[in-house]
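So this one's model-v7.pdb, PDB, C-alpha atoms:
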ATOM      1  CA  MET A   1      93.328  59.876 123.493
ATOM      2  CA  ASP A   2      96.838  60.649 122.361
ATOM      3  CA  SER A   3      97.918  64.222 121.672
ATOM      4  CA  LEU A   4      97.405  63.985 117.889
ATOM      5  CA  THR A   5      93.736  63.071 118.308
ATOM      6  CA  ILE A   6      93.217  65.886 120.789
ATOM      7  CA  ILE A   7      94.849  68.423 118.465
ATOM      8  CA  ALA A   8      92.779  67.263 115.485
ATOM      9  CA  ALA A   9      89.484  67.249 117.393
ATOM     10  CA  VAL A  10      90.022  70.629 119.028
ATOM     11  CA  SER A  11      91.139  72.198 115.721
ATOM     12  CA  ILE A  12      88.116  70.956 113.781
ATOM     13  CA  ILE A  13      85.593  71.903 116.444
ATOM     14  CA  LEU A  14      87.150  75.325 116.950
ATOM     15  CA  ALA A  15      87.319  75.956 113.198
ATOM     16  CA  GLY A  16      83.567  75.534 112.972
ATOM     17  CA  LEU A  17      82.921  77.556 116.129
ATOM     18  CA  THR A  18      85.180  80.392 114.960
ATOM     19  CA  THR A  19      83.296  80.958 111.727
ATOM     20  CA  GLY A  20      79.944  80.235 113.339
ATOM     21  CA  ILE A  21      80.225  82.655 116.232
ATOM     22  CA  GLY A  22      82.316  85.135 114.261
ATOM     23  CA  GLY A  23      79.646  85.342 111.583
ATOM     24  CA  ILE A  24      76.851  86.349 113.957
ATOM     25  CA  GLY A  25      78.046  89.839 114.784
ATOM     26  CA  PRO A  26      78.917  90.971 111.253
ATOM     27  CA  ALA A  27      75.654  89.479 109.922
ATOM     28  CA  LEU A  28      73.566  91.495 112.375
ATOM     29  CA  ALA A  29      75.676  94.603 111.756
ATOM     30  CA  GLU A  30      75.423  94.317 107.976
ATOM     31  CA  GLY A  31      71.682  93.875 108.233
ATOM     32  CA  ARG A  32      71.389  97.037 110.303
ATOM     33  CA  ALA A  33      73.678  98.946 107.932
ATOM     34  CA  VAL A  34      71.735  97.920 104.817
ATOM     35  CA  ALA A  35      68.414  98.680 106.513
ATOM     36  CA  SER A  36      69.581 102.179 107.467
ATOM     37  CA  ALA A  37      70.976 102.757 103.985
ATOM     38  CA  LEU A  38      67.660 101.718 102.416
ATOM     39  CA  THR A  39      65.789 104.101 104.698
ATOM     40  CA  ALA A  40      68.180 106.875 103.732
ATOM     41  CA  LEU A  41      67.781 106.000 100.042
ATOM     42  CA  ALA A  42      63.990 106.105 100.330
ATOM     43  CA  THR A  43      64.007 109.538 101.950
ATOM     44  CA  GLN A  44      66.819 110.983  99.805
ATOM     45  CA  PRO A  45      66.996 109.329  96.379
ATOM     46  CA  ASP A  46      69.177 112.190  95.090
ATOM     47  CA  ALA A  47      72.055 111.223  97.380
ATOM     48  CA  SER A  48      72.057 107.621  96.161
ATOM     49  CA  ALA A  49      75.627 107.729  94.814
ATOM     50  CA  THR A  50      77.108 108.933  98.097
ATOM     51  CA  ILE A  51      74.972 106.588 100.189
ATOM     52  CA  THR A  52      75.828 103.568  98.051
ATOM     53  CA  ARG A  53      79.546 104.285  98.134
ATOM     54  CA  THR A  54      79.569 104.822 101.888
ATOM     55  CA  LEU A  55      77.468 101.685 102.320
ATOM     56  CA  PHE A  56      79.914  99.579 100.322
ATOM     57  CA  VAL A  57      82.922 100.872 102.210
ATOM     58  CA  GLY A  58      81.147 100.370 105.518
ATOM     59  CA  LEU A  59      80.043  96.862 104.596
ATOM     60  CA  ALA A  60      83.622  95.991 103.684
ATOM     61  CA  MET A  61      84.807  97.263 107.055
ATOM     62  CA  ILE A  62      82.142  95.268 108.905
ATOM     63  CA  GLU A  63      82.668  92.188 106.799
ATOM     64  CA  SER A  64      86.394  92.083 107.492
ATOM     65  CA  THR A  65      85.639  90.900 111.040
ATOM     66  CA  ALA A  66      83.926  87.840 109.623
ATOM     67  CA  ILE A  67      86.720  87.402 107.087
ATOM     68  CA  TYR A  68      89.321  87.335 109.860
ATOM     69  CA  CYS A  69      87.389  84.567 111.598
ATOM     70  CA  PHE A  70      87.093  82.686 108.317
ATOM     71  CA  VAL A  71      90.825  82.972 107.628
ATOM     72  CA  ILE A  72      91.581  81.608 111.102
ATOM     73  CA  SER A  73      89.191  78.697 110.477
ATOM     74  CA  MET A  74      90.859  77.931 107.173
ATOM     75  CA  ILE A  75      94.293  78.016 108.786
ATOM     76  CA  LEU A  76      93.055  75.659 111.521
ATOM     77  CA  VAL A  77      91.665  73.205 108.971
ATOM     78  CA  PHE A  78      94.143  73.313 106.083
ATOM     79  CA  ALA A  79      97.411  74.756 107.384
ATOM     80  CA  ASN A  80      97.338  73.991 111.081
ATOM     81  CA  PRO A  81     100.733  74.862 112.636
ATOM     82  CA  PHE A  82     100.113  72.763 115.792
ATOM     83  CA  TRP A  83      99.139  69.735 113.735
ATOM     84  CA  ASN A  84     102.220  70.116 111.516
ATOM     85  CA  HIS A  85     104.406  70.452 114.591
ATOM     86  CA  ALA A  86     102.919  67.317 116.167
ATOM     87  CA  ILE A  87     103.336  65.370 112.919
ATOM     88  CA  ALA A  88     106.961  66.482 112.678
ATOM     89  CA  GLN A  89     107.516  65.414 116.284
ATOM     90  CA  ALA A  90     105.921  62.019 115.667
ATOM     91  CA  ALA A  91     107.968  61.501 112.510
ATOM     92  CA  GLY A  92     111.191  62.463 114.289
ATOM     93  CA  LYS A  93     110.684  59.865 117.021
TER      94      LYS A  93
ATOM     95  CA  MET B   1      93.868  71.125  99.397
ATOM     96  CA  ARG B   2      95.907  74.220  98.610
ATOM     97  CA  LEU B   3      95.254  77.306 100.687
ATOM     98  CA  SER B   4      96.931  79.688  98.232
ATOM     99  CA  PRO B   5      98.489  79.590  94.739
ATOM    100  CA  ASP B   6     101.872  79.938  96.461
ATOM    101  CA  GLN B   7     101.928  76.188  96.966
ATOM    102  CA  LEU B   8     101.556  75.343  93.280
ATOM    103  CA  ILE B   9     105.150  75.406  92.044
ATOM    104  CA  PHE B  10     105.816  75.215  88.315
ATOM    105  CA  TRP B  11     109.587  75.352  88.275
ATOM    106  CA  GLN B  12     112.253  75.316  90.941
ATOM    107  CA  HIS B  13     116.003  75.783  90.767
ATOM    108  CA  GLY B  14     117.748  76.018  94.110
ATOM    109  CA  PHE B  15     115.957  78.589  96.195
ATOM    110  CA  ILE B  16     114.464  80.315  93.138
ATOM    111  CA  LYS B  17     110.853  79.244  92.861
ATOM    112  CA  LEU B  18     108.387  80.018  90.116
ATOM    113  CA  ASP B  19     105.013  79.506  91.754
ATOM    114  CA  ALA B  20     101.519  80.122  90.428
ATOM    115  CA  THR B  21     101.257  83.492  92.177
ATOM    116  CA  ILE B  22     104.216  84.964  90.291
ATOM    117  CA  VAL B  23     103.206  83.417  86.980
ATOM    118  CA  PHE B  24      99.599  84.604  87.116
ATOM    119  CA  THR B  25     100.628  88.055  88.391
ATOM    120  CA  TRP B  26     102.808  88.427  85.316
ATOM    121  CA  VAL B  27     100.022  87.066  83.097
ATOM    122  CA  VAL B  28      97.609  89.687  84.438
ATOM    123  CA  MET B  29     100.207  92.437  84.094
ATOM    124  CA  ALA B  30     101.062  91.365  80.547
ATOM    125  CA  VAL B  31      97.425  91.228  79.467
ATOM    126  CA  LEU B  32      96.688  94.661  80.972
ATOM    127  CA  THR B  33      99.783  96.255  79.437
ATOM    128  CA  LEU B  34      99.279  94.654  76.051
ATOM    129  CA  ALA B  35      95.603  95.606  75.940
ATOM    130  CA  ALA B  36      96.339  99.193  76.954
ATOM    131  CA  TRP B  37      99.142  99.420  74.364
ATOM    132  CA  LEU B  38      96.974  97.981  71.581
ATOM    133  CA  VAL B  39      94.071 100.315  72.337
ATOM    134  CA  THR B  40      96.109 103.498  72.776
ATOM    135  CA  ARG B  41      98.118 102.926  69.597
ATOM    136  CA  ARG B  42      95.546 104.730  67.494
ATOM    137  CA  LEU B  43      93.797 107.290  69.663
ATOM    138  CA  ARG B  44      91.314 109.559  67.921
ATOM    139  CA  THR B  45      89.553 112.659  69.056
ATOM    140  CA  ASP B  46      86.843 112.815  66.397
ATOM    141  CA  ALA B  47      83.556 110.921  66.442
ATOM    142  CA  HIS B  48      84.921 107.737  64.836
ATOM    143  CA  ARG B  49      86.501 106.281  67.929
ATOM    144  CA  SER B  50      87.043 102.587  68.262
ATOM    145  CA  ARG B  51      84.946 100.618  70.719
ATOM    146  CA  TRP B  52      87.991  99.781  72.824
ATOM    147  CA  GLN B  53      88.983 103.413  73.122
ATOM    148  CA  ASN B  54      85.483 104.159  74.367
ATOM    149  CA  LEU B  55      85.810 101.384  76.931
ATOM    150  CA  LEU B  56      89.140 102.674  78.226
ATOM    151  CA  GLU B  57      87.812 106.228  78.393
ATOM    152  CA  ILE B  58      84.834 105.055  80.436
ATOM    153  CA  VAL B  59      87.138 103.162  82.810
ATOM    154  CA  VAL B  60      89.564 106.057  83.258
ATOM    155  CA  THR B  61      86.949 108.776  83.694
ATOM    156  CA  GLY B  62      84.988 106.512  86.024
ATOM    157  CA  ILE B  63      88.013 105.961  88.252
ATOM    158  CA  VAL B  64      88.841 109.685  88.254
ATOM    159  CA  GLN B  65      85.271 110.525  89.205
ATOM    160  CA  GLN B  66      85.235 108.005  92.036
ATOM    161  CA  ILE B  67      88.565 109.298  93.397
ATOM    162  CA  ASP B  68      87.240 112.838  93.121
ATOM    163  CA  GLU B  69      84.039 112.044  95.013
ATOM    164  CA  VAL B  70      86.035 110.569  97.893
ATOM    165  CA  GLY B  71      87.509 114.012  98.473
ATOM    166  CA  LEU B  72      90.991 113.910  97.008
ATOM    167  CA  ARG B  73      91.752 117.227  95.417
ATOM    168  CA  ARG B  74      93.445 116.973  92.018
ATOM    169  CA  PRO B  75      92.404 113.330  91.435
ATOM    170  CA  ARG B  76      94.513 113.049  88.272
ATOM    171  CA  ARG B  77      97.657 112.967  90.404
ATOM    172  CA  PHE B  78      96.441 109.802  92.121
ATOM    173  CA  LEU B  79      94.994 108.176  89.015
ATOM    174  CA  ALA B  80      98.115 106.200  88.107
ATOM    175  CA  PHE B  81      98.466 104.562  91.513
ATOM    176  CA  LEU B  82      94.862 103.978  92.480
ATOM    177  CA  GLY B  83      93.784 103.109  88.945
ATOM    178  CA  SER B  84      96.530 100.493  88.642
ATOM    179  CA  LEU B  85      95.453  98.962  91.940
ATOM    180  CA  PHE B  86      91.835  98.764  90.799
ATOM    181  CA  LEU B  87      92.639  97.380  87.361
ATOM    182  CA  PHE B  88      95.039  94.754  88.691
ATOM    183  CA  ILE B  89      92.710  93.467  91.422
ATOM    184  CA  GLY B  90      89.675  93.677  89.172
ATOM    185  CA  ALA B  91      91.387  91.922  86.269
ATOM    186  CA  SER B  92      92.731  89.130  88.446
ATOM    187  CA  ALA B  93      89.205  88.628  89.799
ATOM    188  CA  LEU B  94      87.621  88.655  86.331
ATOM    189  CA  PHE B  95      90.154  86.253  84.811
ATOM    190  CA  THR B  96      88.940  83.493  87.133
ATOM    191  CA  ILE B  97      86.381  82.588  84.449
ATOM    192  CA  VAL B  98      89.335  81.220  82.453
ATOM    193  CA  PRO B  99      89.793  77.576  83.509
ATOM    194  CA  GLY B 100      93.108  76.911  85.227
ATOM    195  CA  PHE B 101      93.629  80.525  86.240
ATOM    196  CA  GLU B 102      94.010  81.162  89.927
ATOM    197  CA  PRO B 103      93.722  84.776  91.084
ATOM    198  CA  PRO B 104      97.101  86.009  92.369
ATOM    199  CA  THR B 105      95.181  88.111  94.901
ATOM    200  CA  GLY B 106      94.186  84.817  96.564
ATOM    201  CA  SER B 107      97.705  84.656  97.986
ATOM    202  CA  LEU B 108      98.582  86.546 101.140
ATOM    203  CA  SER B 109     101.962  87.599  99.709
ATOM    204  CA  THR B 110     100.319  89.508  96.834
ATOM    205  CA  THR B 111      97.780  91.275  99.006
ATOM    206  CA  VAL B 112     100.406  92.190 101.612
ATOM    207  CA  ALA B 113     102.547  93.632  98.819
ATOM    208  CA  LEU B 114      99.604  95.704  97.554
ATOM    209  CA  ALA B 115      98.768  96.875 101.071
ATOM    210  CA  LEU B 116     102.424  97.831 101.654
ATOM    211  CA  CYS B 117     102.273  99.950  98.488
ATOM    212  CA  VAL B 118      99.298 101.775 100.003
ATOM    213  CA  PHE B 119     101.087 101.978 103.370
ATOM    214  CA  ILE B 120     104.013 103.762 101.713
ATOM    215  CA  GLY B 121     101.811 105.742  99.341
ATOM    216  CA  ILE B 122      99.785 107.397 102.128
ATOM    217  CA  PRO B 123     102.667 109.339 103.780
ATOM    218  CA  PHE B 124     104.059 110.043 100.319
ATOM    219  CA  ALA B 125     100.815 111.703  99.266
ATOM    220  CA  GLY B 126     100.453 113.458 102.615
ATOM    221  CA  ILE B 127     103.964 114.925 102.536
ATOM    222  CA  ARG B 128     103.549 116.018  98.938
ATOM    223  CA  GLU B 129     100.323 117.856  99.684
ATOM    224  CA  GLN B 130     101.042 119.500 103.031
ATOM    225  CA  GLY B 131     104.767 119.179 103.654
ATOM    226  CA  LEU B 132     106.666 117.057 106.160
ATOM    227  CA  ARG B 133     105.723 119.162 109.176
ATOM    228  CA  GLY B 134     102.072 119.350 108.260
ATOM    229  CA  TYR B 135     101.881 115.619 107.693
ATOM    230  CA  LEU B 136     103.664 114.687 110.901
ATOM    231  CA  LYS B 137     101.398 117.083 112.768
ATOM    232  CA  SER B 138      98.401 114.973 111.748
ATOM    233  CA  TYR B 139      99.708 112.188 114.014
ATOM    234  CA  VAL B 140      99.489 114.295 117.170
ATOM    235  CA  GLU B 141      95.952 115.498 116.553
ATOM    236  CA  PRO B 142      93.797 116.099 118.522
ATOM    237  CA  THR B 143      96.378 115.692 121.322
ATOM    238  CA  VAL B 144      99.841 114.160 121.737
ATOM    239  CA  LEU B 145      98.208 111.410 123.796
ATOM    240  CA  MET B 146      96.696 110.034 120.590
ATOM    241  CA  LEU B 147     100.083 109.439 118.948
ATOM    242  CA  PRO B 148     100.386 105.690 119.730
ATOM    243  CA  PHE B 149      96.785 105.083 118.709
ATOM    244  CA  ASN B 150      97.315 106.877 115.415
ATOM    245  CA  LEU B 151     100.396 104.751 114.754
ATOM    246  CA  ILE B 152      98.571 101.528 115.657
ATOM    247  CA  GLY B 153      95.691 102.574 113.424
ATOM    248  CA  GLU B 154      98.098 103.126 110.556
ATOM    249  CA  LEU B 155      99.474  99.579 110.917
ATOM    250  CA  SER B 156      96.188  97.827 111.594
ATOM    251  CA  ARG B 157      94.400  99.301 108.604
ATOM    252  CA  THR B 158      97.224  98.101 106.368
ATOM    253  CA  LEU B 159      96.866  94.628 107.841
ATOM    254  CA  ALA B 160      93.092  94.831 107.432
ATOM    255  CA  LEU B 161      93.437  95.830 103.761
ATOM    256  CA  ALA B 162      95.667  92.830 103.059
ATOM    257  CA  VAL B 163      93.708  90.217 105.003
ATOM    258  CA  ARG B 164      90.328  91.424 103.708
ATOM    259  CA  LEU B 165      91.295  91.044 100.060
ATOM    260  CA  PHE B 166      93.086  87.741 100.714
ATOM    261  CA  GLY B 167      90.170  86.314 102.694
ATOM    262  CA  ASN B 168      87.597  87.242 100.102
ATOM    263  CA  MET B 169      89.510  85.914  97.105
ATOM    264  CA  MET B 170      90.693  82.790  98.930
ATOM    265  CA  SER B 171      87.228  82.017 100.253
ATOM    266  CA  GLY B 172      85.791  82.188  96.741
ATOM    267  CA  ALA B 173      88.245  79.589  95.447
ATOM    268  CA  MET B 174      87.873  77.478  98.592
ATOM    269  CA  ILE B 175      84.065  77.412  98.511
ATOM    270  CA  LEU B 176      84.231  76.474  94.834
ATOM    271  CA  ALA B 177      86.584  73.571  95.558
ATOM    272  CA  ILE B 178      84.389  72.317  98.409
ATOM    273  CA  LEU B 179      81.208  72.613  96.324
ATOM    274  CA  LEU B 180      82.810  70.713  93.436
ATOM    275  CA  THR B 181      83.110  67.679  95.681
ATOM    276  CA  ILE B 182      79.519  67.922  96.967
ATOM    277  CA  THR B 183      77.341  69.178  94.075
ATOM    278  CA  PRO B 184      79.522  68.980  90.969
ATOM    279  CA  PHE B 185      77.450  70.326  88.076
ATOM    280  CA  PHE B 186      75.255  73.382  88.467
ATOM    281  CA  PHE B 187      75.889  75.033  91.799
ATOM    282  CA  PRO B 188      79.618  75.815  91.310
ATOM    283  CA  ILE B 189      78.722  77.915  88.256
ATOM    284  CA  VAL B 190      76.384  80.057  90.342
ATOM    285  CA  MET B 191      79.087  80.492  92.952
ATOM    286  CA  THR B 192      81.579  81.455  90.220
ATOM    287  CA  ALA B 193      79.222  84.221  89.108
ATOM    288  CA  LEU B 194      78.925  85.369  92.704
ATOM    289  CA  GLY B 195      82.721  85.225  92.980
ATOM    290  CA  LEU B 196      83.052  87.560  89.973
ATOM    291  CA  LEU B 197      80.735  90.041  91.685
ATOM    292  CA  THR B 198      82.544  89.915  95.024
ATOM    293  CA  GLY B 199      85.895  90.168  93.225
ATOM    294  CA  MET B 200      84.881  93.411  91.540
ATOM    295  CA  VAL B 201      83.382  94.746  94.771
ATOM    296  CA  GLN B 202      86.627  93.943  96.585
ATOM    297  CA  ALA B 203      88.672  95.696  93.893
ATOM    298  CA  TYR B 204      86.401  98.740  94.269
ATOM    299  CA  ILE B 205      86.619  98.650  98.048
ATOM    300  CA  PHE B 206      90.407  98.278  98.100
ATOM    301  CA  THR B 207      90.771 101.295  95.800
ATOM    302  CA  ILE B 208      88.188 103.424  97.595
ATOM    303  CA  LEU B 209      89.651 102.656 101.016
ATOM    304  CA  SER B 210      93.134 103.575  99.780
ATOM    305  CA  ALA B 211      91.700 106.791  98.351
ATOM    306  CA  VAL B 212      89.925 107.541 101.642
ATOM    307  CA  PHE B 213      93.139 106.986 103.613
ATOM    308  CA  MET B 214      95.046 109.220 101.199
ATOM    309  CA  ALA B 215      92.355 111.878 101.390
ATOM    310  CA  ALA B 216      92.576 111.783 105.177
ATOM    311  CA  ALA B 217      96.344 112.210 104.974
ATOM    312  CA  THR B 218      96.283 115.032 102.436
ATOM    313  CA  GLN B 219      93.545 117.222 103.855
ATOM    314  CA  ARG B 220      94.299 119.824 106.449
ATOM    315  CA  ALA B 221      92.159 119.977 109.533
ATOM    316  CA  ASP B 222      90.606 123.292 108.519
ATOM    317  CA  ALA B 223      89.843 122.161 104.981
ATOM    318  CA  ALA B 224      88.097 119.029 106.212
ATOM    319  CA  ALA B 225      85.518 121.091 108.076
ATOM    320  CA  ASP B 226      83.580 121.877 104.898
ATOM    321  CA  PRO B 227      81.764 118.741 103.719
ATOM    322  CA  ASN B 228      80.941 120.238 100.319
ATOM    323  CA  ALA B 229      84.567 121.001  99.527
ATOM    324  CA  PRO B 230      85.183 118.225  96.928
ATOM    325  CA  THR B 231      84.103 119.508  93.577
ATOM    326  CA  THR B 232      83.156 117.463  90.538
ATOM    327  CA  SER B 233      85.835 118.950  88.338
ATOM    328  CA  ILE B 234      85.737 115.964  85.990
ATOM    329  CA  ASN B 235      82.644 117.341  84.260
ATOM    330  CA  LYS B 236      84.365 120.616  83.480
ATOM    331  CA  GLU B 237      87.500 119.165  81.952
TER     332      GLU B 237
END
Exercise: express the given structure as structure tokens:
Amino acid sequence: MDSLTIIAAVSIILAGLTTGIGGIGPALAEGRAVASALTALATQPDASATITRTLFVGLAMIESTAIYCFVISMILVFANPFWNHAIAQAAGK
Amino acid sequence: MRLSPDQLIFWQHGFIKLDATIVFTWVVMAVLTLAAWLVTRRLRTDAHRSRWQNLLEIVVTGIVQQIDEVGLRRPRRFLAFLGSLFLFIGASALFTIVPGFEPPTGSLSTTVALALCVFIGIPFAGIREQGLRGYLKSYVEPTVLMLPFNLIGELSRTLALAVRLFGNMMSGAMILAILLTITPFFFPIVMTALGLLTGMVQAYIFTILSAVFMAAATQRADAAADPNAPTTSINKE
């Protein structure tokens, strides 16, 4: 395998792994957060506005971990700096 | 495939580029300004208000109430900044139902600019509320040892604000483009509807997080001890 093939293969595989593994933690965390919020809503329906707002803000915080992984995957697939560098090197030869 | 509307260039002269991000930012700003100007031209205080005036009043009082519930005292002082943020992000998310429109918030340059506004706005609000000394003192609490961590936190939450909004808006457009090649007819419409929802949620979250950061910067340590301190003054006005 030449270096271009290695770069392409590693980038594609890692892009999938990044989102795949990076999605596990936030998914579990969001499930726990929503479950706790629903329990709190069931016991205290009066505080629904506060609970919902805090839940949304918390979910956004948790979700950003998954979003970071997704952004890295997208960069690896569509705007890969190593791939561009290798292409530029190959074109310059 | 384009990762952001930055790469769609309409017009270029030398190093001056007119890309889709700038064009659609100005479109959103123009629509918001024009709509606000048209509605507020004939404001009435009696019962015969226009529908649009009612809409704007609901939006403004809703934003004030949300800011107030976060814990910022005197929410009207922050309405201009936080309300503009919410309206801009929300409008650019809602306009995606217009074909050909790409949300300017799907570009990292826009979201970094918005996050930098918040980054500068937080110390501004903090110094205005509790003075330069009082604000700088909040960096060395609880001890001086926490100073670097407070500074890192300040930077990382700005980065998080920018990347979160960018990732959400970009992923919506990206998933839509991928789905169009796989299942062209029905499923992209469902995802567009979901994208509208997440766009509004992201606008809400961006505004609320900025308000929370500002509230943390403006409140003194002794005032923050009372959880019932924020009052719902909006109902009394």
Can you check which residues of chain A have any atom within 9 Å of chain B? Use only C-alpha atoms and format it as a list in words.
Thr50, Arg53, Phe56, Val57, Ala60, Met61, Glu63, Ser64, Thr65, Ile67, Tyr68, Phe70, Val71, Met74, Ile75, Phe78 and Ala79 of chain A
Selected residues written out, C-alpha atoms, as a compact mmCIF listing (two decimals), in the frame of the given file:
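So out33.txt came out as:
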# COMPACT_ATOMS: atom_id res chain seq x y z
CA THR A 50 77.11 108.93 98.10
CA ARG A 53 79.55 104.28 98.13
CA PHE A 56 79.91 99.58 100.32
CA VAL A 57 82.92 100.87 102.21
CA ALA A 60 83.62 95.99 103.68
CA MET A 61 84.81 97.26 107.06
CA GLU A 63 82.67 92.19 106.80
CA SER A 64 86.39 92.08 107.49
CA THR A 65 85.64 90.90 111.04
CA ILE A 67 86.72 87.40 107.09
CA TYR A 68 89.32 87.34 109.86
CA PHE A 70 87.09 82.69 108.32
CA VAL A 71 90.82 82.97 107.63
CA MET A 74 90.86 77.93 107.17
CA ILE A 75 94.29 78.02 108.79
CA PHE A 78 94.14 73.31 106.08
CA ALA A 79 97.41 74.76 107.38
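Closest approach to Leu114 (chain B) among B:Thr158, B:Gln53, B:Thr143, B:Ser92 is made by B:Thr158 (distances from all atoms listed in the file).
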May I have the protein, DNA and RNA residues with an atom at most 10 Å from (80.2, 93.3, 109.1), counting only C-alpha atoms in the file's coordinates, returned as a PyMOL selection string?
chain A and resi 22-33+58-67
For the residues in that selection, give me C-alpha atoms as a PDB file, keeping the file's coordinate frame.
ATOM      1  CA  GLY A  22      82.316  85.135 114.261  1.00  0.00           C
ATOM      2  CA  GLY A  23      79.646  85.342 111.583  1.00  0.00           C
ATOM      3  CA  ILE A  24      76.851  86.349 113.957  1.00  0.00           C
ATOM      4  CA  GLY A  25      78.046  89.839 114.784  1.00  0.00           C
ATOM      5  CA  PRO A  26      78.917  90.971 111.253  1.00  0.00           C
ATOM      6  CA  ALA A  27      75.654  89.479 109.922  1.00  0.00           C
ATOM      7  CA  LEU A  28      73.566  91.495 112.375  1.00  0.00           C
ATOM      8  CA  ALA A  29      75.676  94.603 111.756  1.00  0.00           C
ATOM      9  CA  GLU A  30      75.423  94.317 107.976  1.00  0.00           C
ATOM     10  CA  GLY A  31      71.682  93.875 108.233  1.00  0.00           C
ATOM     11  CA  ARG A  32      71.389  97.037 110.303  1.00  0.00           C
ATOM     12  CA  ALA A  33      73.678  98.946 107.932  1.00  0.00           C
ATOM     13  CA  GLY A  58      81.147 100.370 105.518  1.00  0.00           C
ATOM     14  CA  LEU A  59      80.043  96.862 104.596  1.00  0.00           C
ATOM     15  CA  ALA A  60      83.622  95.991 103.684  1.00  0.00           C
ATOM     16  CA  MET A  61      84.807  97.263 107.055  1.00  0.00           C
ATOM     17  CA  ILE A  62      82.142  95.268 108.905  1.00  0.00           C
ATOM     18  CA  GLU A  63      82.668  92.188 106.799  1.00  0.00           C
ATOM     19  CA  SER A  64      86.394  92.083 107.492  1.00  0.00           C
ATOM     20  CA  THR A  65      85.639  90.900 111.040  1.00  0.00           C
ATOM     21  CA  ALA A  66      83.926  87.840 109.623  1.00  0.00           C
ATOM     22  CA  ILE A  67      86.720  87.402 107.087  1.00  0.00           C
TER      23      ILE A  67
END
Env of Phe82 (chain A): 10 Å cut, atoms = only C-alpha atoms, seq-sep filter 3 positions within chain, self excluded. Answer as a list of chain:residue names.
A:Leu4, A:Ile7, A:Ala8, A:Ser11, A:Leu76, A:Ala79, A:His85, A:Ala86, A:Ile87, A:Ala88
Between CA of Cys117 (chain B) and CA of Ala173 (chain B), distance in Å (one decimal):
24.9 Å
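Here CA of Asp19 (chain B) and CA of Asp6 (chain B) stand 5.7 Å from one another.
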Writing N, CA, C and O atoms and nothing else, produce region 17-27 of chain A as a PDB file, in the first residue's frame.
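Listed below is the output, selection17.pdb:
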ATOM      1  N   LEU A  17     -15.253   5.284  13.601  1.00  0.00           N
ATOM      2  CA  LEU A  17     -15.029   4.919  15.002  1.00  0.00           C
ATOM      3  C   LEU A  17     -15.215   6.115  15.926  1.00  0.00           C
ATOM      4  O   LEU A  17     -15.727   5.975  17.032  1.00  0.00           O
ATOM      5  N   THR A  18     -14.793   7.306  15.454  1.00  0.00           N
ATOM      6  CA  THR A  18     -14.899   8.495  16.308  1.00  0.00           C
ATOM      7  C   THR A  18     -16.342   8.765  16.674  1.00  0.00           C
ATOM      8  O   THR A  18     -16.699   8.918  17.850  1.00  0.00           O
ATOM      9  N   THR A  19     -17.218   8.817  15.654  1.00  0.00           N
ATOM     10  CA  THR A  19     -18.621   9.077  15.951  1.00  0.00           C
ATOM     11  C   THR A  19     -19.244   7.911  16.709  1.00  0.00           C
ATOM     12  O   THR A  19     -20.039   8.103  17.626  1.00  0.00           O
ATOM     13  N   GLY A  20     -18.850   6.683  16.317  1.00  0.00           N
ATOM     14  CA  GLY A  20     -19.461   5.521  16.957  1.00  0.00           C
ATOM     15  C   GLY A  20     -19.150   5.447  18.432  1.00  0.00           C
ATOM     16  O   GLY A  20     -20.055   5.343  19.275  1.00  0.00           O
ATOM     17  N   ILE A  21     -17.881   5.516  18.770  1.00  0.00           N
ATOM     18  CA  ILE A  21     -17.500   5.420  20.190  1.00  0.00           C
ATOM     19  C   ILE A  21     -17.879   6.694  20.921  1.00  0.00           C
ATOM     20  O   ILE A  21     -18.348   6.659  22.061  1.00  0.00           O
ATOM     21  N   GLY A  22     -17.697   7.848  20.243  1.00  0.00           N
ATOM     22  CA  GLY A  22     -18.022   9.113  20.896  1.00  0.00           C
ATOM     23  C   GLY A  22     -19.497   9.290  21.153  1.00  0.00           C
ATOM     24  O   GLY A  22     -19.877  10.123  21.971  1.00  0.00           O
ATOM     25  N   GLY A  23     -20.343   8.537  20.450  1.00  0.00           N
ATOM     26  CA  GLY A  23     -21.779   8.678  20.687  1.00  0.00           C
ATOM     27  C   GLY A  23     -22.268   7.873  21.869  1.00  0.00           C
ATOM     28  O   GLY A  23     -23.346   8.154  22.412  1.00  0.00           O
ATOM     29  N   ILE A  24     -21.471   6.871  22.296  1.00  0.00           N
ATOM     30  CA  ILE A  24     -21.964   5.970  23.349  1.00  0.00           C
ATOM     31  C   ILE A  24     -22.150   6.721  24.670  1.00  0.00           C
ATOM     32  O   ILE A  24     -23.217   6.689  25.283  1.00  0.00           O
ATOM     33  N   GLY A  25     -21.083   7.419  25.074  1.00  0.00           N
ATOM     34  CA  GLY A  25     -21.131   8.089  26.367  1.00  0.00           C
ATOM     35  C   GLY A  25     -22.243   9.115  26.472  1.00  0.00           C
ATOM     36  O   GLY A  25     -23.076   9.043  27.386  1.00  0.00           O
ATOM     37  N   PRO A  26     -22.319  10.083  25.534  1.00  0.00           N
ATOM     38  CA  PRO A  26     -23.391  11.056  25.593  1.00  0.00           C
ATOM     39  C   PRO A  26     -24.777  10.432  25.518  1.00  0.00           C
ATOM     40  O   PRO A  26     -25.705  10.913  26.170  1.00  0.00           O
ATOM     41  N   ALA A  27     -24.931   9.326  24.749  1.00  0.00           N
ATOM     42  CA  ALA A  27     -26.252   8.692  24.662  1.00  0.00           C
ATOM     43  C   ALA A  27     -26.676   8.164  26.024  1.00  0.00           C
ATOM     44  O   ALA A  27     -27.807   8.414  26.483  1.00  0.00           O
TER      45      ALA A  27
END
